[in-house]
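The file final_33.txt comes next; it holds compact mmCIF, C-alpha atoms.
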```txt
# COMPACT_ATOMS: atom_id res chain seq x y z
CA SER M 18 77.89 112.98 -24.94
CA SER M 19 75.23 113.83 -27.50
CA ALA M 20 77.82 114.20 -30.23
CA ALA M 21 79.33 110.85 -29.30
CA GLN M 22 75.95 109.13 -29.44
CA HIS M 23 74.78 110.55 -32.75
CA SER M 24 77.98 110.53 -34.80
CA SER M 25 78.40 106.77 -35.11
CA SER M 26 77.02 103.94 -37.22
CA ARG M 27 77.03 100.31 -36.21
CA THR M 28 77.38 96.89 -37.77
CA THR M 29 76.77 93.91 -35.51
CA ALA M 30 76.59 90.18 -36.09
CA GLN M 31 75.78 87.26 -33.82
CA ARG M 32 79.24 85.76 -34.18
CA SER M 33 82.54 85.52 -32.31
CA ASP M 34 85.13 85.31 -35.10
CA CYS M 35 86.51 88.69 -34.03
CA LEU M 36 88.10 86.93 -31.06
CA PRO M 37 91.26 84.78 -30.96
CA GLU M 38 89.19 81.91 -29.51
CA ALA M 39 85.47 81.30 -29.94
CA ILE M 40 83.53 82.13 -26.78
CA PRO M 41 79.89 81.02 -26.45
CA GLY M 42 77.54 83.97 -26.28
CA ALA M 43 80.00 86.45 -27.79
CA GLU M 44 78.74 89.02 -30.26
CA CYS M 45 81.05 91.05 -32.47
CA GLY M 46 80.35 94.55 -33.66
CA THR M 47 81.83 97.81 -34.85
CA VAL M 48 80.95 101.47 -34.77
CA THR M 49 82.19 104.04 -37.25
CA VAL M 50 83.10 107.34 -35.59
CA PRO M 51 84.96 110.55 -36.49
CA LEU M 52 88.71 110.38 -36.02
CA ILE M 53 88.49 113.79 -34.35
CA ARG M 54 85.01 114.70 -33.19
CA SER M 55 85.77 118.42 -33.15
CA ALA M 56 87.02 118.16 -36.76
CA PRO M 57 84.60 115.78 -38.51
CA ASP M 58 86.14 116.45 -41.93
CA GLN M 59 89.37 114.78 -40.74
CA GLY M 60 87.90 111.36 -41.57
CA ARG M 61 86.33 108.40 -39.80
CA ILE M 62 87.60 105.21 -38.21
CA THR M 63 86.10 101.89 -37.16
CA VAL M 64 86.06 100.85 -33.51
CA ALA M 65 85.48 97.17 -32.75
CA TYR M 66 83.98 95.50 -29.72
CA ALA M 67 82.90 92.11 -28.44
CA LEU M 68 79.96 91.67 -26.08
CA LEU M 69 80.11 88.51 -23.97
CA ARG M 70 76.55 87.76 -22.88
CA HIS M 71 75.75 86.44 -19.41
CA ARG M 72 75.05 82.70 -19.11
CA ASP M 73 71.66 82.78 -17.39
CA ARG M 74 69.67 84.16 -20.30
CA SER M 75 66.36 83.44 -18.55
CA ARG M 76 66.85 86.76 -16.79
CA PRO M 77 68.18 90.13 -17.99
CA ALA M 78 71.78 90.98 -17.16
CA LYS M 79 72.30 92.65 -13.80
CA GLY M 80 74.85 94.94 -15.43
CA THR M 81 77.47 95.33 -18.13
CA VAL M 82 81.14 95.45 -17.21
CA VAL M 83 83.43 97.23 -19.68
CA ALA M 84 87.10 96.42 -19.17
CA ASN M 85 90.37 97.92 -20.36
CA PRO M 86 93.66 96.10 -19.61
CA GLY M 87 95.96 99.10 -19.97
CA GLY M 88 98.84 100.10 -22.19
CA PRO M 89 97.89 102.34 -23.82
CA GLY M 90 98.17 100.06 -26.83
CA ASP M 91 96.80 96.82 -25.36
CA SER M 92 93.82 95.03 -26.90
CA ALA M 93 90.90 94.09 -24.66
CA MET M 94 89.46 91.81 -27.35
CA ALA M 95 92.71 89.85 -27.64
CA MET M 96 92.36 89.05 -23.93
CA ALA M 97 88.74 87.91 -24.21
CA SER M 98 89.46 84.30 -23.23
CA ALA M 99 91.46 85.37 -20.19
CA TYR M 100 88.72 87.78 -19.12
CA ALA M 101 86.05 85.09 -19.63
CA LYS M 102 87.97 82.67 -17.38
CA LEU M 103 88.92 85.24 -14.75
CA TYR M 104 85.40 86.64 -14.45
CA ALA M 105 83.48 83.43 -15.07
CA PRO M 106 81.40 83.84 -11.87
CA LEU M 107 80.50 87.40 -12.86
CA LEU M 108 79.41 86.26 -16.32
CA ALA M 109 76.67 84.18 -14.75
CA ASP M 110 74.48 87.28 -14.55
CA HIS M 111 76.56 90.16 -16.02
CA ASP M 112 77.52 90.96 -19.59
CA LEU M 113 81.15 91.81 -20.38
CA LEU M 114 81.92 94.46 -23.01
CA LEU M 115 85.43 94.47 -24.51
CA VAL M 116 86.39 97.42 -26.71
CA ASP M 117 89.61 97.63 -28.68
CA PRO M 118 90.79 101.23 -28.27
CA ARG M 119 91.07 103.23 -31.49
CA GLY M 120 94.35 102.46 -33.24
CA VAL M 121 94.67 98.99 -31.68
CA ASN M 122 94.12 95.50 -33.13
CA LYS M 123 90.57 95.40 -34.61
CA SER M 124 89.95 99.15 -34.27
CA SER M 125 91.61 100.73 -37.33
CA PRO M 126 95.12 99.87 -36.11
CA ILE M 127 97.79 102.54 -36.55
CA ASN M 128 100.43 101.59 -39.10
CA CYS M 129 103.09 104.29 -39.31
CA GLY M 130 106.11 102.10 -40.01
CA LEU M 131 107.18 101.72 -36.38
CA PRO M 132 109.48 98.66 -36.34
CA SER M 133 108.97 95.65 -34.10
CA HIS M 134 112.33 96.33 -32.43
CA VAL M 135 114.91 99.09 -32.14
CA THR M 136 118.59 98.90 -31.23
CA SER M 137 118.71 101.68 -28.64
CA ARG M 138 116.83 104.53 -27.01
CA GLN M 139 118.08 106.95 -29.70
CA ALA M 140 116.78 104.61 -32.39
CA LEU M 141 113.43 104.53 -30.57
CA LEU M 142 113.24 108.32 -30.58
CA ARG M 143 114.02 108.44 -34.30
CA ALA M 144 111.37 105.81 -35.05
CA VAL M 145 108.70 107.65 -33.04
CA GLU M 146 109.61 110.92 -34.75
CA GLN M 147 109.14 109.28 -38.16
CA CYS M 148 105.82 107.78 -37.02
CA GLY M 149 104.67 111.26 -36.01
CA ARG M 150 105.52 112.57 -39.49
CA VAL M 151 103.47 109.78 -41.10
CA LEU M 152 100.45 110.40 -38.87
CA GLY M 153 100.65 114.17 -39.24
CA ALA M 154 97.46 115.93 -38.15
CA ASN M 155 95.74 112.55 -37.63
CA ALA M 156 97.87 112.03 -34.52
CA ARG M 157 95.51 114.41 -32.69
CA GLY M 158 92.78 111.76 -32.89
CA TYR M 159 94.48 109.36 -30.49
CA THR M 160 93.51 110.75 -27.12
CA THR M 161 92.00 109.21 -24.03
CA ALA M 162 88.99 111.51 -24.35
CA GLU M 163 88.24 110.30 -27.90
CA THR M 164 88.61 106.67 -26.77
CA ALA M 165 86.25 107.32 -23.86
CA ASP M 166 83.72 108.79 -26.27
CA ASP M 167 84.09 105.70 -28.48
CA ILE M 168 83.02 103.58 -25.51
CA GLU M 169 80.08 105.91 -25.02
CA ALA M 170 79.10 105.57 -28.68
CA ILE M 171 79.08 101.78 -28.34
CA ARG M 172 77.09 101.95 -25.10
CA ALA M 173 74.52 104.16 -26.81
CA GLU M 174 74.24 101.91 -29.88
CA LEU M 175 73.76 98.83 -27.69
CA ARG M 176 71.23 100.73 -25.53
CA ILE M 177 72.99 99.78 -22.31
CA PRO M 178 71.63 102.09 -19.58
CA LYS M 179 74.78 102.21 -17.42
CA LEU M 180 78.22 100.64 -17.37
CA ASP M 181 80.34 99.08 -14.65
CA LEU M 182 83.84 100.34 -15.44
CA LEU M 183 86.91 98.16 -14.87
CA GLY M 184 90.25 99.86 -15.55
CA GLN M 185 93.66 98.31 -15.08
CA SER M 186 96.95 100.27 -15.28
CA TYR M 187 96.43 102.90 -18.04
CA GLY M 188 92.81 101.73 -18.03
CA THR M 189 92.42 103.43 -14.64
CA TYR M 190 93.03 106.73 -16.43
CA LEU M 191 90.76 105.87 -19.36
CA MET M 192 87.87 104.84 -17.13
CA ALA M 193 88.27 107.91 -14.92
CA VAL M 194 88.09 110.08 -18.04
CA TYR M 195 84.97 108.22 -19.20
CA ALA M 196 83.36 108.76 -15.81
CA GLN M 197 84.27 112.44 -15.94
CA ARG M 198 82.80 112.90 -19.42
CA HIS M 199 79.73 110.66 -19.01
CA PRO M 200 78.95 110.51 -15.28
CA GLY M 201 75.28 109.67 -15.82
CA ARG M 202 76.23 106.44 -17.59
CA VAL M 203 78.35 104.98 -14.78
CA ARG M 204 76.90 102.50 -12.29
CA SER M 205 80.21 101.57 -10.63
CA ILE M 206 83.95 101.92 -11.22
CA VAL M 207 86.86 99.70 -10.19
CA LEU M 208 90.44 100.93 -10.71
CA SER M 209 93.32 98.47 -10.34
CA SER M 210 96.99 99.58 -10.36
CA ALA M 211 95.96 103.21 -10.63
CA TYR M 212 98.22 105.98 -11.90
CA PRO M 213 99.48 108.14 -9.01
CA LEU M 214 97.94 111.58 -8.68
CA ASP M 215 101.35 113.05 -7.82
CA PHE M 216 102.96 111.88 -11.06
CA ASP M 217 106.76 112.09 -11.24
CA MET M 218 107.72 112.76 -14.85
CA TRP M 219 111.28 111.55 -14.21
CA ALA M 220 109.87 108.18 -13.04
CA ARG M 221 112.04 108.38 -9.93
CA PRO M 222 109.73 106.17 -7.81
CA GLY M 223 110.61 103.31 -10.17
CA VAL M 224 114.31 103.95 -9.64
CA ARG M 225 113.86 104.05 -5.86
CA ALA M 226 111.90 100.79 -6.01
CA ALA M 227 114.65 99.16 -8.09
CA ARG M 228 117.30 100.29 -5.59
CA ARG M 229 115.20 98.94 -2.70
CA THR M 230 114.90 95.66 -4.59
CA ILE M 231 118.72 95.38 -4.69
CA TYR M 232 118.96 95.63 -0.92
CA ILE M 233 116.06 93.24 -0.26
CA LEU M 234 117.56 90.75 -2.71
CA CYS M 235 120.93 90.80 -0.97
CA ASP M 236 119.45 90.79 2.54
CA ARG M 237 117.70 87.54 1.66
CA SER M 238 120.65 85.98 -0.16
CA GLY M 239 122.29 84.49 2.91
CA GLY M 240 125.44 86.55 2.41
CA LYS M 241 125.83 85.81 -1.30
CA CYS M 242 125.69 89.50 -2.21
CA ASP M 243 125.91 92.91 -0.56
CA GLY M 244 123.37 95.57 -1.56
CA ARG M 245 125.78 98.47 -1.31
CA GLN M 246 128.40 96.63 -3.36
CA LEU M 247 125.87 95.56 -6.01
CA GLU M 248 124.63 99.13 -6.37
CA ALA M 249 128.21 100.35 -6.79
CA ASP M 250 128.97 97.56 -9.29
CA LEU M 251 125.92 98.48 -11.37
CA GLY M 252 127.15 102.07 -11.47
CA ARG M 253 130.64 100.99 -12.56
CA LEU M 254 129.19 98.72 -15.24
CA ALA M 255 126.90 101.48 -16.53
CA THR M 256 129.87 103.86 -16.84
CA ARG M 257 131.83 101.22 -18.73
CA LEU M 258 128.94 100.42 -21.11
CA GLN M 259 128.38 104.10 -21.79
CA ARG M 260 131.99 104.36 -22.99
CA ALA M 261 132.08 101.02 -24.80
CA PRO M 262 128.62 99.54 -25.57
CA ILE M 263 128.32 95.86 -26.47
CA ARG M 264 126.80 94.96 -29.83
CA TYR M 265 124.88 91.71 -30.02
CA THR M 266 122.00 90.10 -31.91
CA ASP M 267 118.64 89.06 -30.54
CA ASP M 268 117.05 85.65 -31.07
CA ASN M 269 115.80 86.76 -34.51
CA GLY M 270 119.16 88.05 -35.68
CA ASN M 271 118.33 91.73 -35.18
CA GLY M 272 121.12 94.01 -34.02
CA ARG M 273 121.06 95.35 -30.47
CA LEU M 274 123.21 97.80 -28.51
CA LEU M 275 123.85 97.11 -24.82
CA ASP M 276 124.72 100.53 -23.39
CA ALA M 277 124.06 102.16 -20.01
CA GLN M 278 120.45 102.91 -20.90
CA MET M 279 119.86 99.33 -21.98
CA LEU M 280 121.43 98.10 -18.72
CA ALA M 281 119.09 100.32 -16.71
CA SER M 282 116.08 99.07 -18.69
CA VAL M 283 117.12 95.43 -18.33
CA PHE M 284 117.63 95.73 -14.57
CA GLN M 285 114.42 97.64 -13.93
CA HIS M 286 112.48 95.11 -16.02
CA ALA M 287 113.98 92.28 -13.96
CA ALA M 288 113.26 94.12 -10.71
CA SER M 289 109.62 94.86 -11.55
CA GLU M 290 108.29 92.28 -14.00
CA ALA M 291 110.72 89.42 -14.64
CA ALA M 292 111.87 88.29 -11.21
CA GLU M 293 113.16 84.96 -12.54
CA HIS M 294 116.13 86.92 -13.92
CA LEU M 295 116.75 88.94 -10.77
CA GLY M 296 118.45 86.34 -8.60
CA GLY M 297 121.34 85.96 -11.01
CA PHE M 298 121.97 89.68 -11.37
CA PRO M 299 124.76 89.99 -8.76
CA ASP M 300 126.81 87.25 -10.44
CA THR M 301 125.97 88.60 -13.91
CA VAL M 302 127.17 92.11 -13.04
CA ARG M 303 130.30 90.81 -11.32
CA ALA M 304 131.16 88.61 -14.30
CA ALA M 305 130.72 91.52 -16.73
CA LEU M 306 133.08 93.69 -14.68
CA GLU M 307 135.61 90.87 -14.79
CA GLY M 308 135.38 90.67 -18.59
CA ASP M 309 132.78 87.92 -19.11
CA THR M 310 129.81 89.72 -20.66
CA GLU M 311 127.99 86.66 -22.01
CA PRO M 312 125.64 86.25 -18.98
CA LEU M 313 124.74 89.96 -19.26
CA VAL M 314 124.07 89.68 -22.99
CA ALA M 315 121.97 86.54 -22.36
CA THR M 316 119.85 88.44 -19.81
CA ALA M 317 119.43 91.41 -22.16
CA ARG M 318 118.51 89.02 -24.97
CA ALA M 319 115.89 87.31 -22.79
CA LEU M 320 114.28 90.50 -21.49
CA ASP M 321 114.68 92.54 -24.72
CA PRO M 322 113.36 95.86 -23.33
CA TYR M 323 113.41 97.63 -26.71
CA ARG M 324 111.09 95.18 -28.42
CA LEU M 325 108.01 97.17 -29.46
CA SER M 326 105.85 94.24 -30.54
CA ALA M 327 105.87 90.46 -30.39
CA PRO M 328 104.35 87.82 -32.69
CA GLY M 329 100.80 86.91 -31.75
CA ILE M 330 100.35 89.84 -29.34
CA PRO M 331 98.39 92.72 -30.92
CA PHE M 332 100.00 95.45 -28.81
CA ASN M 333 100.26 98.67 -30.85
CA ALA M 334 103.29 100.72 -29.79
CA ALA M 335 102.43 103.54 -32.20
CA GLN M 336 99.11 104.04 -30.42
CA THR M 337 101.00 104.05 -27.12
CA MET M 338 103.24 106.85 -28.36
CA ALA M 339 100.39 108.87 -29.88
CA VAL M 340 98.30 108.78 -26.69
CA ALA M 341 101.35 109.60 -24.56
CA CYS M 342 102.29 112.55 -26.77
CA ASN M 343 98.74 113.90 -26.65
CA ASP M 344 97.81 113.27 -23.02
CA TYR M 345 100.76 112.72 -20.72
CA PRO M 346 102.37 115.55 -18.72
CA VAL M 347 105.72 116.75 -20.06
CA LEU M 348 108.74 118.58 -18.70
CA TRP M 349 108.76 121.26 -21.38
CA ASN M 350 106.50 123.74 -23.10
CA ALA M 351 104.90 121.85 -26.00
CA GLU M 352 104.39 125.13 -27.86
CA ALA M 353 108.10 126.02 -27.75
CA PRO M 354 110.50 125.32 -30.66
CA LEU M 355 112.15 121.90 -30.60
CA ALA M 356 115.55 123.22 -29.54
CA GLU M 357 113.97 125.06 -26.62
CA ARG M 358 112.02 121.95 -25.59
CA ARG M 359 115.24 119.93 -25.56
CA ARG M 360 116.92 122.57 -23.40
CA GLN M 361 114.00 122.55 -20.95
CA PHE M 362 114.02 118.73 -20.81
```
In structure tokens, how does this file's structure come out?
Amino acid sequence: SSAAQHSSSRTTAQRSDCLPEAIPGAECGTVTVPLIRSAPDQGRITVAYALLRHRDRSRPAKGTVVANPGGPGDSAMAMASAYAKLYAPLLADHDLLLVDPRGVNKSSPINCGLPSHVTSRQALLRAVEQCGRVLGANARGYTTAETADDIEAIRAELRIPKLDLLGQSYGTYLMAVYAQRHPGRVRSIVLSSAYPLDFDMWARPGVRAARRTIYILCDRSGGKCDGRQLEADLGRLATRLQRAPIRYTDDNGNGRLLDAQMLASVFQHAASEAAEHLGGFPDTVRAALEGDTEPLVATARALDPYRLSAPGIPFNAAQTMAVACNDYPVLWNAEAPLAERRRQF
């Protein structure tokens, strides 16, 4: 904590041009911190924040909420307007602190040549491998612990006694790490969509949920589909696509490969996040098995699960990969040679 507080420098201005939309009472600022605090000679980076002041300035703020929307790779500052609207009642007497995690948007964004899209899972692996080569030893700086200490450095510079932590999705992990490292600076903590403690590295709960979705969908279809048949049809289609993938182009003319892995990604995305595409899945799968693949390609084109970034959204996929490689549990011994890791996986 002491190292985090005394290894930063700050520049702050009474302005809001760091945000996509001007918000009254917003103040922009940055702190400069070591990339790797245990290796200060590795260089320094800039971490940006926006402080949205409470509306009733006749009284001091009752507290300061610091929020992280998840990812990793998402920008809290890019979502400032949404946060300001969602928590408008809270902003009457609380300040809201939004910090872009290191490597994201305004905080020395990682640029390692990771493309905005890839054609397949294998292409994704190759792109991440190349990104790792570009980052080299600097990749060690993108950890949840370092990001938590960045928040602490900003808290110290702003002389905020304690923080109210709000973590969503990956942010539940980040805020728990902050609380673990700086417990004396936490007034309260709210975790929404928390990571499970019993983490399945094969992501099988997601597969079970997708399968359950198939049966619920068909049960509610009024006899228009049968869950058991749809599950079998998906399996048949996956086998066919694995043997003979479909090549197509996305809306920007980029090449894509619709194979079994893409099918799985498209379906799971529809089952969990894009329900407007789910109702047509039985007919889409049936048509593909009968030789008409256009509805399937149209669904894949719409959902585009291998898109790593989108115009106007400052999500940083390279930061996602770096944090995951540093922090997430793995199914192999990270110290083993690559061939041995592949065998273990």
Quiz item: Which residues come within 9 Å of Ala162 (chain M), counting only C-alpha atoms, excluding same-chain residues fewer than 6 positions away, as an MDAnalysis selection string?
Solution: chainID M and resid 191 194:195 198
Please produce, as a Markdown table, a per-residue contact table for region 284-350 of chain M versus region 204-216 of chain M (criterion: any atom at most 12 Å away, only C-alpha atoms considered), showing the nearest atom pair and its distance in Å to one decimal, sorted by chain then residue number.
```
| residue | atom | partner | partner_atom | distance |
| --- | --- | --- | --- | --- |
| M:Tyr345 | CA | M:Phe216 | CA | 9.9 |
| M:Pro346 | CA | M:Phe216 | CA | 8.5 |
| M:Val347 | CA | M:Phe216 | CA | 10.6 |
| M:Leu348 | CA | M:Phe216 | CA | 11.7 |
```
Self-check item: Nearby residues (only C-alpha atoms) at most 7 Å from region 75-83 of chain M, same-chain spacing under 5 positions excluded, as a list in words
Solution: Asp110, His111, Asp112, Leu113, Leu114, Leu115, Leu180, Asp181, Leu182 and Leu183 of chain M
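Each of M:Thr164, M:Ser98, M:Gln246, M:Gln59 was compared to Pro41 (chain M) using all atoms listed in the file, and M:Ser98 turns out to be the nearest.
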Quiz prompt | Pick from M:Val135, M:Ala255, M:Leu234, M:Tyr66, whichever lies nearest to His294 (chain M) using all atoms listed in the file | solution =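 Using all atoms listed in the file, His294 (chain M) sits closest to M:Leu234.
Computed from the coordinates, the CA of Leu313 (chain M) to CA of Gly90 (chain M) distance equals 29.4 Å.
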Quiz prompt | Distance of CA of Pro118 (chain M) from CA of Ala67 (chain M), expressed in Å to one decimal place | solution =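 For CA of Ala67 (chain M) relative to CA of Pro118 (chain M), the distance reads 12.1 Å.
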So that I can check the surroundings of Ala101 (chain M), please list as an mmCIF file with C-alpha atoms, keeping the file's coordinate frame every protein, DNA and RNA residue that reaches within 12 Å of it, counting only C-alpha atoms and ignoring chain neighbours fewer than 5 positions away.
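File around06.cif, as written:
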```cif
data_model
loop_
_atom_site.group_PDB
_atom_site.id
_atom_site.type_symbol
_atom_site.label_atom_id
_atom_site.label_comp_id
_atom_site.auth_asym_id
_atom_site.auth_seq_id
_atom_site.Cartn_x
_atom_site.Cartn_y
_atom_site.Cartn_z
ATOM 1 C CA LEU M 36 88.100 86.930 -31.060
ATOM 2 C CA GLU M 38 89.190 81.910 -29.510
ATOM 3 C CA ALA M 39 85.470 81.300 -29.940
ATOM 4 C CA ILE M 40 83.530 82.130 -26.780
ATOM 5 C CA PRO M 41 79.890 81.020 -26.450
ATOM 6 C CA GLY M 42 77.540 83.970 -26.280
ATOM 7 C CA ALA M 43 80.000 86.450 -27.790
ATOM 8 C CA ALA M 67 82.900 92.110 -28.440
ATOM 9 C CA LEU M 68 79.960 91.670 -26.080
ATOM 10 C CA LEU M 69 80.110 88.510 -23.970
ATOM 11 C CA ARG M 70 76.550 87.760 -22.880
ATOM 12 C CA HIS M 71 75.750 86.440 -19.410
ATOM 13 C CA ARG M 72 75.050 82.700 -19.110
ATOM 14 C CA VAL M 82 81.140 95.450 -17.210
ATOM 15 C CA ALA M 84 87.100 96.420 -19.170
ATOM 16 C CA ALA M 93 90.900 94.090 -24.660
ATOM 17 C CA MET M 94 89.460 91.810 -27.350
ATOM 18 C CA ALA M 95 92.710 89.850 -27.640
ATOM 19 C CA MET M 96 92.360 89.050 -23.930
ATOM 20 C CA PRO M 106 81.400 83.840 -11.870
ATOM 21 C CA LEU M 107 80.500 87.400 -12.860
ATOM 22 C CA LEU M 108 79.410 86.260 -16.320
ATOM 23 C CA ALA M 109 76.670 84.180 -14.750
ATOM 24 C CA HIS M 111 76.560 90.160 -16.020
ATOM 25 C CA ASP M 112 77.520 90.960 -19.590
ATOM 26 C CA LEU M 113 81.150 91.810 -20.380
ATOM 27 C CA LEU M 114 81.920 94.460 -23.010
ATOM 28 C CA LEU M 115 85.430 94.470 -24.510
#
```
Quiz prompt | Sel. within 9 Å of pt (82.8, 106.0, -29.5), counting all atoms listed in the file, output as a ChimeraX atom specification | solution = /M:21-22,24-25,48-51,64,119,163-173
Quiz item: Counting all atoms listed in the file, which of M:Gln278, M:Thr230, M:Ser55, M:Ser92 gets nearest to Val121 (chain M)?
Solution: M:Ser92
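Taking CA of Leu251 (chain M) as the reference point, CA of Arg324 (chain M) is found at 22.8 Å.
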